[in-house]
file protein-v9.cif (mmCIF, C-alpha atoms)
data_final
#
loop_
_atom_site.group_PDB
_atom_site.id
_atom_site.type_symbol
_atom_site.label_atom_id
_atom_site.label_comp_id
_atom_site.auth_asym_id
_atom_site.auth_seq_id
_atom_site.Cartn_x
_atom_site.Cartn_y
_atom_site.Cartn_z
ATOM 1 C CA MET K 136 0.000 0.000 0.000
ATOM 2 C CA MET K 137 1.240 3.446 -0.848
ATOM 3 C CA ASN K 138 2.542 5.472 2.070
ATOM 4 C CA PRO K 139 0.103 8.410 2.365
ATOM 5 C CA HIS K 140 2.885 10.646 3.574
ATOM 6 C CA ASN K 141 5.157 9.960 0.665
ATOM 7 C CA PRO K 142 3.038 9.099 -2.332
ATOM 8 C CA HIS K 143 5.088 11.300 -4.670
ATOM 9 C CA ALA K 144 8.341 13.133 -4.631
ATOM 10 C CA SER K 145 6.916 16.643 -5.191
ATOM 11 C CA LEU K 146 4.080 16.480 -2.711
ATOM 12 C CA ASP K 147 5.632 14.307 -0.092
ATOM 13 C CA THR K 148 3.941 15.686 3.003
ATOM 14 C CA CYS K 149 0.418 16.572 3.999
ATOM 15 C CA GLN K 150 1.675 20.091 4.654
ATOM 16 C CA GLU K 151 2.714 20.465 1.018
ATOM 17 C CA VAL K 152 -0.629 19.106 -0.130
ATOM 18 C CA LEU K 153 -2.353 21.648 2.062
ATOM 19 C CA ILE K 154 -0.302 24.486 0.619
ATOM 20 C CA HIS K 155 -1.434 23.530 -2.880
ATOM 21 C CA LEU K 156 -5.054 22.894 -1.978
ATOM 22 C CA ASN K 157 -6.061 26.474 -2.692
ATOM 23 C CA ASP K 158 -4.690 26.424 -6.222
ATOM 24 C CA TYR K 159 -6.266 23.009 -6.743
ATOM 25 C CA ILE K 160 -9.703 24.267 -5.700
ATOM 26 C CA ASP K 161 -9.281 27.319 -7.939
ATOM 27 C CA GLY K 162 -8.199 25.165 -10.886
ATOM 28 C CA GLU K 163 -4.818 26.864 -10.982
ATOM 29 C CA LEU K 164 -2.618 23.864 -10.228
ATOM 30 C CA SER K 165 -0.481 22.364 -12.990
ATOM 31 C CA PRO K 166 -1.769 19.050 -14.380
ATOM 32 C CA GLU K 167 1.245 17.252 -12.919
ATOM 33 C CA LEU K 168 0.689 18.575 -9.402
ATOM 34 C CA CYS K 169 -3.040 17.967 -9.805
ATOM 35 C CA SER K 170 -2.402 14.292 -10.422
ATOM 36 C CA GLU K 171 -0.030 14.098 -7.483
ATOM 37 C CA LEU K 172 -2.448 15.847 -5.181
ATOM 38 C CA GLU K 173 -5.318 13.589 -6.252
ATOM 39 C CA ALA K 174 -3.131 10.534 -5.714
ATOM 40 C CA HIS K 175 -2.325 11.779 -2.228
ATOM 41 C CA LEU K 176 -5.982 12.452 -1.437
ATOM 42 C CA ALA K 177 -6.838 8.936 -2.545
ATOM 43 C CA VAL K 178 -4.618 7.420 0.128
ATOM 44 C CA CYS K 179 -4.534 10.019 2.909
ATOM 45 C CA GLU K 180 -7.758 10.187 4.888
ATOM 46 C CA ASN K 181 -6.777 13.269 6.892
ATOM 47 C CA CYS K 182 -6.114 15.328 3.771
ATOM 48 C CA ARG K 183 -9.248 13.986 2.141
ATOM 49 C CA VAL K 184 -11.347 15.079 5.113
ATOM 50 C CA VAL K 185 -9.780 18.542 5.009
ATOM 51 C CA PHE K 186 -10.470 18.745 1.275
ATOM 52 C CA ASP K 187 -14.077 17.565 1.685
ATOM 53 C CA THR K 188 -14.887 19.921 4.549
ATOM 54 C CA LEU K 189 -13.194 22.795 2.754
ATOM 55 C CA ASN K 190 -15.350 22.156 -0.303
ATOM 56 C CA LYS K 191 -18.477 22.023 1.835
ATOM 57 C CA THR K 192 -17.475 25.241 3.583
ATOM 58 C CA LEU K 193 -17.015 27.034 0.277
ATOM 59 C CA TYR K 194 -20.260 25.593 -1.049
ATOM 60 C CA LEU K 195 -22.101 27.172 1.892
ATOM 61 C CA VAL K 196 -20.284 30.485 1.501
ATOM 62 C CA HIS K 197 -21.210 30.605 -2.172
ATOM 63 C CA GLN K 198 -24.861 30.153 -1.179
ATOM 64 C CA LEU K 199 -24.637 33.620 0.371
ATOM 65 C CA ARG K 200 -24.284 35.007 -3.165
ATOM 66 C CA ASN K 201 -27.730 33.665 -3.993
ATOM 67 C CA THR K 202 -29.322 35.267 -0.961
ATOM 68 C CA PRO K 203 -30.625 38.750 -1.796
ATOM 69 C CA PRO K 204 -29.026 41.256 0.589
ATOM 70 C CA GLN K 205 -31.375 43.172 2.860
ATOM 71 C CA LEU K 206 -31.124 46.891 3.464
ATOM 72 C CA PRO K 207 -32.975 47.962 6.633
ATOM 73 C CA GLU K 208 -35.729 50.435 5.752
ATOM 74 C CA SER K 209 -34.432 52.998 8.259
ATOM 75 C CA VAL K 210 -30.944 52.815 6.714
ATOM 76 C CA GLU K 211 -32.413 53.225 3.227
ATOM 77 C CA TYR K 212 -34.524 56.154 4.359
ATOM 78 C CA ARG K 213 -31.542 57.995 5.885
ATOM 79 C CA LEU K 214 -29.509 57.334 2.748
ATOM 80 C CA PHE K 215 -32.173 58.918 0.554
ATOM 81 C CA VAL K 216 -32.361 61.891 2.911
ATOM 82 C CA ILE K 217 -28.602 62.453 2.981
ATOM 83 C CA MET K 218 -28.568 62.239 -0.819
ATOM 84 C CA ASN K 219 -31.146 65.061 -0.952
ATOM 85 C CA LEU K 220 -33.751 62.661 -2.259
ATOM 86 C CA GLU K 221 -36.355 63.373 0.422
ATOM 87 C CA GLU K 222 -39.049 63.468 -2.221
ATOM 88 C CA TYR K 223 -38.381 59.792 -2.955
ATOM 89 C CA ALA K 224 -37.890 58.930 0.705
ATOM 90 C CA SER K 225 -41.547 59.734 1.338
ATOM 91 C CA ARG K 226 -42.642 57.155 -1.248
ATOM 92 C CA LYS K 227 -43.187 53.869 0.524
ATOM 93 C CA LYS K 228 -43.936 50.707 -1.341
ATOM 94 C CA GLY K 229 -47.621 50.423 -2.008
ATOM 95 C CA SER K 230 -48.306 54.087 -1.328
ATOM 96 C CA MET E 133 -38.534 44.790 -2.936
ATOM 97 C CA THR E 134 -39.364 46.539 0.315
ATOM 98 C CA GLY E 135 -38.898 50.091 1.506
ATOM 99 C CA ILE E 136 -38.950 53.168 -0.681
ATOM 100 C CA LYS E 137 -40.788 52.709 -3.948
ATOM 101 C CA ILE E 138 -38.724 53.539 -7.021
ATOM 102 C CA ASP E 139 -39.593 52.747 -10.622
ATOM 103 C CA LEU E 140 -36.488 50.943 -11.823
ATOM 104 C CA ASP E 141 -37.815 50.758 -15.386
ATOM 105 C CA ILE E 142 -37.241 54.462 -16.058
ATOM 106 C CA TYR E 143 -33.786 53.542 -17.337
ATOM 107 C CA PRO E 144 -33.965 50.569 -19.705
ATOM 108 C CA ASP E 145 -30.367 49.509 -19.194
ATOM 109 C CA GLU E 146 -27.229 50.366 -17.258
ATOM 110 C CA ALA E 147 -25.860 52.639 -19.980
ATOM 111 C CA ALA E 148 -29.010 54.774 -19.792
ATOM 112 C CA LEU E 149 -28.800 54.842 -16.005
ATOM 113 C CA ILE E 150 -25.178 56.005 -16.154
ATOM 114 C CA GLN E 151 -26.076 58.714 -18.650
ATOM 115 C CA GLY E 152 -28.829 59.828 -16.276
ATOM 116 C CA LEU E 153 -26.341 59.931 -13.411
ATOM 117 C CA LYS E 154 -23.901 61.950 -15.498
ATOM 118 C CA ARG E 155 -26.679 64.425 -16.326
ATOM 119 C CA GLY E 156 -27.391 64.722 -12.601
ATOM 120 C CA ASP E 157 -30.937 63.327 -12.785
ATOM 121 C CA PRO E 158 -32.251 62.728 -9.275
ATOM 122 C CA GLU E 159 -34.287 59.797 -10.636
ATOM 123 C CA ALA E 160 -31.059 58.151 -11.768
ATOM 124 C CA CYS E 161 -29.522 58.606 -8.335
ATOM 125 C CA ALA E 162 -32.627 57.145 -6.695
ATOM 126 C CA CYS E 163 -32.549 54.175 -9.103
ATOM 127 C CA MET E 164 -28.866 53.561 -8.452
ATOM 128 C CA ILE E 165 -29.426 53.553 -4.705
ATOM 129 C CA LYS E 166 -32.473 51.310 -4.898
ATOM 130 C CA LYS E 167 -30.669 48.866 -7.144
ATOM 131 C CA PHE E 168 -27.217 48.716 -5.596
ATOM 132 C CA ALA E 169 -27.375 49.922 -1.988
ATOM 133 C CA PRO E 170 -28.372 46.552 -0.464
ATOM 134 C CA ARG E 171 -25.275 44.802 -1.816
ATOM 135 C CA VAL E 172 -22.996 47.718 -0.901
ATOM 136 C CA TYR E 173 -24.420 47.616 2.634
ATOM 137 C CA ALA E 174 -23.916 43.838 2.804
ATOM 138 C CA ILE E 175 -20.243 44.212 1.835
ATOM 139 C CA ALA E 176 -19.731 47.021 4.348
ATOM 140 C CA ILE E 177 -21.393 45.257 7.241
ATOM 141 C CA ARG E 178 -19.444 42.061 6.653
ATOM 142 C CA MET E 179 -16.177 43.949 6.381
ATOM 143 C CA LEU E 180 -16.766 46.163 9.398
ATOM 144 C CA ASN E 181 -18.894 44.001 11.702
ATOM 145 C CA ASP E 182 -20.707 47.122 12.814
ATOM 146 C CA PRO E 183 -24.049 48.430 11.481
ATOM 147 C CA ASN E 184 -23.266 52.072 12.285
ATOM 148 C CA ASP E 185 -19.897 51.979 10.516
ATOM 149 C CA ALA E 186 -21.510 50.098 7.633
ATOM 150 C CA GLU E 187 -24.156 52.808 7.287
ATOM 151 C CA GLU E 188 -21.463 55.484 7.213
ATOM 152 C CA VAL E 189 -19.635 53.586 4.479
ATOM 153 C CA LEU E 190 -22.887 53.160 2.576
ATOM 154 C CA GLN E 191 -23.542 56.897 2.674
ATOM 155 C CA GLU E 192 -19.948 57.790 1.813
ATOM 156 C CA THR E 193 -20.068 55.389 -1.138
ATOM 157 C CA PHE E 194 -23.106 56.942 -2.777
ATOM 158 C CA ILE E 195 -22.089 60.522 -2.017
ATOM 159 C CA SER E 196 -18.705 59.804 -3.596
ATOM 160 C CA ALA E 197 -20.263 57.966 -6.545
ATOM 161 C CA CYS E 198 -22.592 60.848 -7.425
ATOM 162 C CA LYS E 199 -19.785 63.370 -6.994
ATOM 163 C CA ASN E 200 -17.358 61.422 -9.163
ATOM 164 C CA ILE E 201 -19.655 59.806 -11.713
ATOM 165 C CA HIS E 202 -18.114 61.951 -14.476
ATOM 166 C CA ARG E 203 -14.842 60.094 -13.808
ATOM 167 C CA PHE E 204 -16.451 56.690 -14.245
ATOM 168 C CA GLU E 205 -15.120 55.444 -17.563
ATOM 169 C CA GLU E 206 -17.486 52.472 -17.784
ATOM 170 C CA ARG E 207 -14.676 49.962 -18.116
ATOM 171 C CA SER E 208 -16.372 47.934 -15.406
ATOM 172 C CA ALA E 209 -19.970 47.403 -14.403
ATOM 173 C CA LEU E 210 -21.479 50.147 -12.260
ATOM 174 C CA ASN E 211 -21.845 47.818 -9.276
ATOM 175 C CA THR E 212 -18.156 46.838 -9.489
ATOM 176 C CA TRP E 213 -17.225 50.529 -9.413
ATOM 177 C CA LEU E 214 -19.497 51.070 -6.408
ATOM 178 C CA HIS E 215 -18.028 48.038 -4.642
ATOM 179 C CA ARG E 216 -14.560 49.442 -5.196
ATOM 180 C CA ILE E 217 -15.575 52.772 -3.651
ATOM 181 C CA ALA E 218 -17.255 50.968 -0.746
ATOM 182 C CA THR E 219 -14.208 48.752 -0.207
ATOM 183 C CA ASN E 220 -11.925 51.798 -0.079
ATOM 184 C CA ALA E 221 -14.250 53.518 2.370
ATOM 185 C CA ALA E 222 -14.449 50.381 4.517
ATOM 186 C CA LEU E 223 -10.655 50.045 4.516
ATOM 187 C CA MET E 224 -10.376 53.662 5.670
ATOM 188 C CA HIS E 225 -12.739 52.878 8.547
ATOM 189 C CA LEU E 226 -10.762 49.780 9.449
ATOM 190 C CA ARG E 227 -7.514 51.755 9.470
ATOM 191 C CA LYS E 228 -9.077 54.425 11.655
ATOM 192 C CA HIS E 229 -10.229 51.865 14.199
ATOM 193 C CA LYS E 230 -7.338 49.473 13.846
ATOM 194 C CA HIS E 231 -6.070 48.102 17.132
ATOM 195 C CA ARG E 232 -3.921 45.247 16.010
ATOM 196 C CA GLU E 233 -2.337 43.951 12.845
ATOM 197 C CA LEU E 234 -1.403 40.401 12.125
ATOM 198 C CA SER E 235 1.560 39.416 10.041
ATOM 199 C CA LEU E 236 -0.360 37.744 7.298
ATOM 200 C CA ASP E 237 1.910 38.013 4.337
ATOM 201 C CA ASP E 238 4.503 35.606 5.650
ATOM 202 C CA PRO E 239 4.983 32.394 3.732
ATOM 203 C CA ILE E 240 2.288 29.864 4.533
ATOM 204 C CA GLU E 241 3.253 27.762 7.508
ATOM 205 C CA ILE E 242 1.050 25.139 8.992
ATOM 206 C CA GLN E 243 2.289 25.033 12.546
ATOM 207 C CA GLY E 244 3.263 21.582 13.596
ATOM 208 C CA GLY E 245 1.765 20.208 10.420
ATOM 209 C CA ASP E 246 -1.107 18.635 12.294
ATOM 210 C CA ASP E 247 -2.891 21.722 13.571
ATOM 211 C CA VAL E 248 -5.287 21.897 10.688
ATOM 212 C CA TYR E 249 -6.425 18.416 11.501
ATOM 213 C CA ARG E 250 -7.276 19.076 15.091
ATOM 214 C CA GLU E 251 -10.942 19.541 14.399
ATOM 215 C CA VAL E 252 -11.182 17.122 11.546
ATOM 216 C CA ARG E 253 -14.339 15.119 11.715
ATOM 217 C CA ASP E 254 -15.730 12.528 9.433
ATOM 218 C CA ALA E 255 -17.258 14.418 6.534
ATOM 219 C CA THR E 256 -20.218 12.240 5.746
ATOM 220 C CA LEU E 257 -22.834 14.738 4.608
ATOM 221 C CA ALA E 258 -23.143 15.915 1.052
ATOM 222 C CA PRO E 259 -23.293 19.667 0.419
ATOM 223 C CA ASP E 260 -26.960 19.401 -0.502
ATOM 224 C CA ASP E 261 -27.683 18.307 3.054
ATOM 225 C CA HIS E 262 -26.623 21.750 4.182
ATOM 226 C CA ALA E 263 -29.112 23.853 2.299
ATOM 227 C CA MET E 264 -28.876 27.393 3.598
ATOM 228 C CA ASN E 265 -31.243 27.716 6.523
ATOM 229 C CA SER E 266 -31.234 30.535 9.008
ATOM 230 C CA GLU E 267 -29.260 28.588 11.612
ATOM 231 C CA ILE E 268 -26.410 27.637 9.306
ATOM 232 C CA ARG E 269 -26.450 31.086 7.765
ATOM 233 C CA ASP E 270 -26.062 32.612 11.214
ATOM 234 C CA VAL E 271 -23.159 30.294 12.014
ATOM 235 C CA LEU E 272 -21.546 31.120 8.683
ATOM 236 C CA GLU E 273 -21.928 34.885 9.089
ATOM 237 C CA LYS E 274 -20.461 34.689 12.592
ATOM 238 C CA ALA E 275 -17.582 32.569 11.335
ATOM 239 C CA ILE E 276 -16.798 35.107 8.596
ATOM 240 C CA ALA E 277 -17.092 37.934 11.127
ATOM 241 C CA SER E 278 -14.603 36.177 13.391
ATOM 242 C CA LEU E 279 -11.866 36.214 10.750
ATOM 243 C CA PRO E 280 -9.118 38.816 11.259
ATOM 244 C CA GLU E 281 -9.715 41.957 9.187
ATOM 245 C CA THR E 282 -7.069 41.296 6.580
ATOM 246 C CA LEU E 283 -8.354 37.782 5.936
ATOM 247 C CA ARG E 284 -11.978 38.838 6.106
ATOM 248 C CA THR E 285 -11.747 41.584 3.497
ATOM 249 C CA VAL E 286 -10.100 39.276 0.978
ATOM 250 C CA PHE E 287 -12.517 36.458 1.745
ATOM 251 C CA ILE E 288 -15.625 38.637 1.359
ATOM 252 C CA LEU E 289 -14.598 40.043 -2.017
ATOM 253 C CA ARG E 290 -13.260 36.762 -3.395
ATOM 254 C CA GLU E 291 -15.668 34.163 -2.026
ATOM 255 C CA VAL E 292 -18.848 35.983 -1.054
ATOM 256 C CA GLU E 293 -18.904 38.612 -3.809
ATOM 257 C CA GLY E 294 -17.256 36.360 -6.383
ATOM 258 C CA TYR E 295 -14.532 38.704 -7.617
ATOM 259 C CA SER E 296 -11.451 37.135 -9.182
ATOM 260 C CA THR E 297 -8.158 37.030 -7.314
ATOM 261 C CA GLU E 298 -6.835 39.840 -9.525
ATOM 262 C CA GLU E 299 -9.920 42.023 -9.039
ATOM 263 C CA THR E 300 -9.777 41.428 -5.278
ATOM 264 C CA ALA E 301 -6.082 42.356 -5.198
ATOM 265 C CA ASN E 302 -6.788 45.549 -7.172
ATOM 266 C CA MET E 303 -9.680 46.541 -4.956
ATOM 267 C CA LEU E 304 -7.624 46.095 -1.809
ATOM 268 C CA GLY E 305 -4.409 47.517 -3.248
ATOM 269 C CA ILE E 306 -2.382 44.418 -2.414
ATOM 270 C CA SER E 307 -0.418 41.973 -4.563
ATOM 271 C CA ILE E 308 -1.985 38.900 -6.116
ATOM 272 C CA SER E 309 0.333 36.662 -4.092
ATOM 273 C CA ALA E 310 -0.677 38.390 -0.832
ATOM 274 C CA THR E 311 -4.321 37.956 -1.853
ATOM 275 C CA LYS E 312 -3.777 34.239 -2.433
ATOM 276 C CA VAL E 313 -1.996 33.782 0.900
ATOM 277 C CA ARG E 314 -4.777 35.570 2.774
ATOM 278 C CA LEU E 315 -7.484 33.688 0.915
ATOM 279 C CA HIS E 316 -5.800 30.386 1.677
ATOM 280 C CA ARG E 317 -5.609 31.205 5.380
ATOM 281 C CA ALA E 318 -9.163 32.491 5.488
ATOM 282 C CA ARG E 319 -10.507 29.360 3.811
ATOM 283 C CA LEU E 320 -8.672 27.032 6.179
ATOM 284 C CA ARG E 321 -9.677 29.016 9.234
ATOM 285 C CA LEU E 322 -13.314 29.057 8.201
ATOM 286 C CA ARG E 323 -13.156 25.347 7.493
ATOM 287 C CA GLU E 324 -11.851 24.731 10.994
ATOM 288 C CA ILE E 325 -14.710 26.715 12.500
ATOM 289 C CA LEU E 326 -17.381 25.010 10.409
ATOM 290 C CA ALA E 327 -15.972 21.463 10.396
ATOM 291 C CA PRO E 328 -17.940 20.422 13.507
ATOM 292 C CA TYR E 329 -21.171 21.230 11.654
ATOM 293 C CA PHE E 330 -20.370 18.705 8.961
ATOM 294 C CA THR E 331 -20.409 15.732 11.320
#

call {"tool": "encode", "arguments": {"input": "protein-v9.cif", "output": "structure tokens"}}
result
Amino acid sequence: MMNPHNPHASLDTCQEVLIHLNDYIDGELSPELCSELEAHLAVCENCRVVFDTLNKTLYLVHQLRNTPPQLPESVEYRLFVIMNLEEYASRKKGS
Amino acid sequence: MTGIKIDLDIYPDEAALIQGLKRGDPEACACMIKKFAPRVYAIAIRMLNDPNDAEEVLQETFISACKNIHRFEERSALNTWLHRIATNAALMHLRKHKHRELSLDDPIEIQGGDDVYREVRDATLAPDDHAMNSEIRDVLEKAIASLPETLRTVFILREVEGYSTEETANMLGISISATKVRLHRARLRLREILAPYFT
């Protein structure tokens, strides 16, 4: 069985795998290092768990993009006032 | 859309809205605010962790945008330009209230090699099992808020707002390599915080 801590010469420690994980996730890792990293992940459970939980973390963060941001009505009102748009500030939805 | 009622259809597209802004039409200013203020506020509040500071940044952003719209060369989308102004304003606030600075541009070092594994749990749930509900959203927002400023600002622009590494670096006035280092650290730190929720 392949030693998970020395599967390849270039990525021979979990620490080195971790350093390259960012570029791997961003698709910026060279094909050679990609293959080495994937080979390491296949045999190293600790790194695989880090990779999986990192992916899940980023998946959740990206969900925030799909959530429409909310501007409190009082904050919006004061913004319109400070922008000298009082005329608009008096127009509430539905009025 | 809640709050103040603005007819966003007055300007059929962004080019028309920008022309309206450059003419000084109040309707254009109102449209711009209605359309873009929520996202600007979201960026500011995440960067600053303070609703009062975020409101100041919001106001400074739109005052500055209206004042300087004639300088906007339309090489980016209007919201990108506004986000850049808001980011600069937020950074100014952070500098004003700065009480500590971490050395974050050092080469990446994972202390002891095993630290990142200390909260590793068995990741058995698929991402779909973590559909965004209010509880997980709250945990996530708090986790982002807990990041040090320099990591948080990069993380918000890159991961939450979806800007590229280069755009993020430009917005923050730092190098691409510094952006990557900070992003890497922010991702790992957030992963550590959230890992227990994946068990």

call {"tool": "resolve_selection", "arguments": {"input": "protein-v9.cif", "expression": "the PyMOL selection byres ((chain K) within 10 of (chain E))", "output": "number ranges by chain"}}
result
K: 148-151, 153-158, 161, 180-215, 217-220, 222-230

call {"tool": "atom_distance", "arguments": {"input": "protein-v9.cif", "atom1": "atom CA of E:Ile306", "atom2": "atom CA of K:Val152"}}
result
25.5 Å

call {"tool": "atom_distance", "arguments": {"input": "protein-v9.cif", "atom1": "atom CA of K:Glu221", "atom2": "atom CA of E:Ala221"}}
result
24.3 Å

call {"tool": "atom_distance", "arguments": {"input": "protein-v9.cif", "atom1": "atom CA of E:Asp185", "atom2": "atom CA of E:His215"}}
result
15.8 Å

call {"tool": "resolve_selection", "arguments": {"input": "protein-v9.cif", "expression": "the PyMOL selection byres ((chain E and resi 301) around 12)", "output": "PyMOL selection string"}}
result
chain E and resi 216+219+282+285-287+289-290+295-300+302-315

call {"tool": "closest_residue", "arguments": {"input": "protein-v9.cif", "among": "E:Lys199, E:Lys274, E:Arg178, E:Lys228", "to": "E:Gly156", "atoms": "only C-alpha atoms"}}
result
E:Lys199

call {"tool": "decode", "arguments": {"input": "protein-v9.cif", "residues": "stretch 181-190 of chain K", "atoms": "all heavy atoms", "output": "compact mmCIF listing (two decimals), in the first residue's frame"}}
result
# COMPACT_ATOMS: atom_id res chain seq x y z
N ASN K 181 -6.79 11.95 6.26
CA ASN K 181 -6.78 13.27 6.89
C ASN K 181 -6.89 14.39 5.86
O ASN K 181 -7.68 15.31 5.99
CB ASN K 181 -5.50 13.46 7.72
CG ASN K 181 -5.66 12.95 9.13
OD1 ASN K 181 -6.76 12.64 9.56
ND2 ASN K 181 -4.55 12.82 9.84
N CYS K 182 -6.07 14.29 4.82
CA CYS K 182 -6.11 15.33 3.77
C CYS K 182 -7.45 15.30 3.03
O CYS K 182 -7.98 16.35 2.65
CB CYS K 182 -4.96 15.14 2.78
SG CYS K 182 -3.38 15.70 3.45
N ARG K 183 -7.97 14.10 2.86
CA ARG K 183 -9.25 13.99 2.14
C ARG K 183 -10.36 14.66 2.95
O ARG K 183 -11.22 15.33 2.40
CB ARG K 183 -9.56 12.52 1.88
CG ARG K 183 -10.64 12.31 0.83
CD ARG K 183 -10.68 10.90 0.30
NE ARG K 183 -10.89 9.92 1.34
CZ ARG K 183 -9.99 9.00 1.71
NH1 ARG K 183 -8.82 8.95 1.11
NH2 ARG K 183 -10.25 8.13 2.65
N VAL K 184 -10.32 14.46 4.26
CA VAL K 184 -11.35 15.08 5.11
C VAL K 184 -11.22 16.61 5.07
O VAL K 184 -12.21 17.33 4.98
CB VAL K 184 -11.25 14.55 6.56
CG1 VAL K 184 -12.17 15.34 7.48
CG2 VAL K 184 -11.62 13.08 6.60
N VAL K 185 -9.98 17.09 5.11
CA VAL K 185 -9.78 18.54 5.01
C VAL K 185 -10.33 19.04 3.68
O VAL K 185 -11.05 20.05 3.62
CB VAL K 185 -8.28 18.92 5.14
CG1 VAL K 185 -8.06 20.38 4.78
CG2 VAL K 185 -7.79 18.65 6.55
N PHE K 186 -10.00 18.34 2.61
CA PHE K 186 -10.47 18.75 1.28
C PHE K 186 -12.01 18.74 1.21
O PHE K 186 -12.62 19.68 0.73
CB PHE K 186 -9.88 17.80 0.23
CG PHE K 186 -10.38 18.04 -1.16
CD1 PHE K 186 -10.05 19.21 -1.83
CD2 PHE K 186 -11.21 17.11 -1.79
CE1 PHE K 186 -10.53 19.44 -3.11
CE2 PHE K 186 -11.68 17.35 -3.07
CZ PHE K 186 -11.35 18.51 -3.73
N ASP K 187 -12.61 17.67 1.73
CA ASP K 187 -14.08 17.57 1.68
C ASP K 187 -14.75 18.67 2.50
O ASP K 187 -15.70 19.31 2.04
CB ASP K 187 -14.54 16.21 2.25
CG ASP K 187 -14.27 15.08 1.27
OD1 ASP K 187 -14.00 15.37 0.09
OD2 ASP K 187 -14.32 13.91 1.70
N THR K 188 -14.25 18.90 3.71
CA THR K 188 -14.89 19.92 4.55
C THR K 188 -14.62 21.33 4.01
O THR K 188 -15.46 22.21 4.14
CB THR K 188 -14.42 19.82 6.02
OG1 THR K 188 -13.00 19.75 6.05
CG2 THR K 188 -15.01 18.60 6.70
N LEU K 189 -13.48 21.50 3.37
CA LEU K 189 -13.19 22.79 2.75
C LEU K 189 -14.16 23.05 1.59
O LEU K 189 -14.72 24.15 1.45
CB LEU K 189 -11.74 22.82 2.25
CG LEU K 189 -11.18 24.15 1.77
CD1 LEU K 189 -11.32 25.23 2.83
CD2 LEU K 189 -9.71 23.99 1.39
N ASN K 190 -14.39 22.02 0.80
CA ASN K 190 -15.35 22.16 -0.30
C ASN K 190 -16.74 22.47 0.21
O ASN K 190 -17.46 23.31 -0.35
CB ASN K 190 -15.41 20.84 -1.10
CG ASN K 190 -14.51 20.90 -2.32
OD1 ASN K 190 -14.20 21.98 -2.82
ND2 ASN K 190 -14.08 19.76 -2.79
